[in-house]
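Worksheet: one structure, shown below.
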Amino acid sequence: MNKLSAIIVSAALVIGTPAVNAQDNSDLADALNGYLEFVEYSGGTIQPKQIPKEDLAKFFIIDARDAGQFEKGRIPGATNIEWRQVVSRRSEIPKDKPVLIYCNTGSLSAQGGFALRLLGFENVLILQDGFEGWKAAQK
């Protein structure tokens, strides 16, 4: 299995598709291990208070929640790409500017962000504490 195949299989595993038995796939384990050893503990995350309002427009913002939640409220400028769709809609996501992905609390967007980072999107940041944290930081 080549590296790209291992990464795609990894992404499938991350989003819950039981594609392979990871214990029997050393290439997959090597790809995941290489990624996890590279990332720092807080790598890939950002807190709402770390983003000045004037810098928000510099991001491509992905609201990874479902359409109903997106319609009820969102970070200004966000595009709704549900976390399960980030891989299939990756052609819509730029690689030449920072990408911010969020859900309600940060857990589902972390899965989407992890899949994107495994696919080579090194510009993806996960909003720690999600939309709820962002709303609280605006007060």
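By convention here, the chains of the structure tokens are called A, B, ... in the order presented, each chain's residues are numbered starting at 1, and ligands are numbered starting at 1 in the order presented.
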Each residue of segment 101-139 of chain A with at least one atom at most 6 Å from segment 49-68 of chain A should appear once, together with its nearest atom pair and the corresponding distance in Å (one decimal); atoms considered: only C-alpha atoms; ordering: chain, then increasing residue number; output as a tab-separated table.
```
residue	atom	partner	partner_atom	distance
A:Ile101	CA	A:Ile62	CA	4.6
A:Tyr102	CA	A:Asp63	CA	5.3
A:Cys103	CA	A:Ala64	CA	5.1
A:Ser109	CA	A:Ala64	CA	5.9
```
What does the file look like for those residues with N, CA and C atoms, as a compact mmCIF listing (two decimals), in the first residue's frame?
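File produced: out05.txt:
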```
# COMPACT_ATOMS: atom_id res chain seq x y z
N ILE A 101 -11.84 25.12 11.34
CA ILE A 101 -12.99 24.23 11.35
C ILE A 101 -13.53 24.15 12.78
N TYR A 102 -14.87 24.17 12.89
CA TYR A 102 -15.49 24.11 14.21
C TYR A 102 -16.81 23.36 14.15
N CYS A 103 -17.21 22.84 15.29
CA CYS A 103 -18.54 22.26 15.49
C CYS A 103 -19.09 22.93 16.75
N SER A 109 -15.46 18.39 14.88
CA SER A 109 -14.58 19.12 13.97
C SER A 109 -13.15 18.61 14.09
```
Show which residues sit within 12 Å of Lys139 of chain A, as a PyMOL selection string. Count only C-alpha atoms, and ignore same-chain residues fewer than 6 positions away. chain A and resi 48-49+132-133
Nearest to Lys135 of chain A by atom-to-atom distance, counting only C-alpha atoms, from A:Asn123, A:Leu28, A:Gly73, A:Val86: A:Gly73
Between atom CA of Thr105 of chain A and atom CA of Thr79 of chain A, what is the distance, to one decimal in Å? 17.3 Å
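Residue nearest Thr45 of chain A, chosen from A:Leu127, A:Ala137, A:Leu116, A:Ala29 and counting only C-alpha atoms: A:Leu127.
Closest approach to Lys97 of chain A among A:Glu122, A:Asp30, A:Glu82, A:Asp129 is made by A:Glu122 (distances from only C-alpha atoms).
Going from atom CA of Arg84 of chain A to atom CA of Phe114 of chain A covers 11.7 Å.
Between atom CA of Leu119 of chain A and atom CA of Arg74 of chain A the separation is 25.9 Å.
Taking only C-alpha atoms into account, Gln47 of chain A lies nearest to A:Gln128 out of the set A:Ser107, A:Gln128, A:Asn33, A:Ser88.
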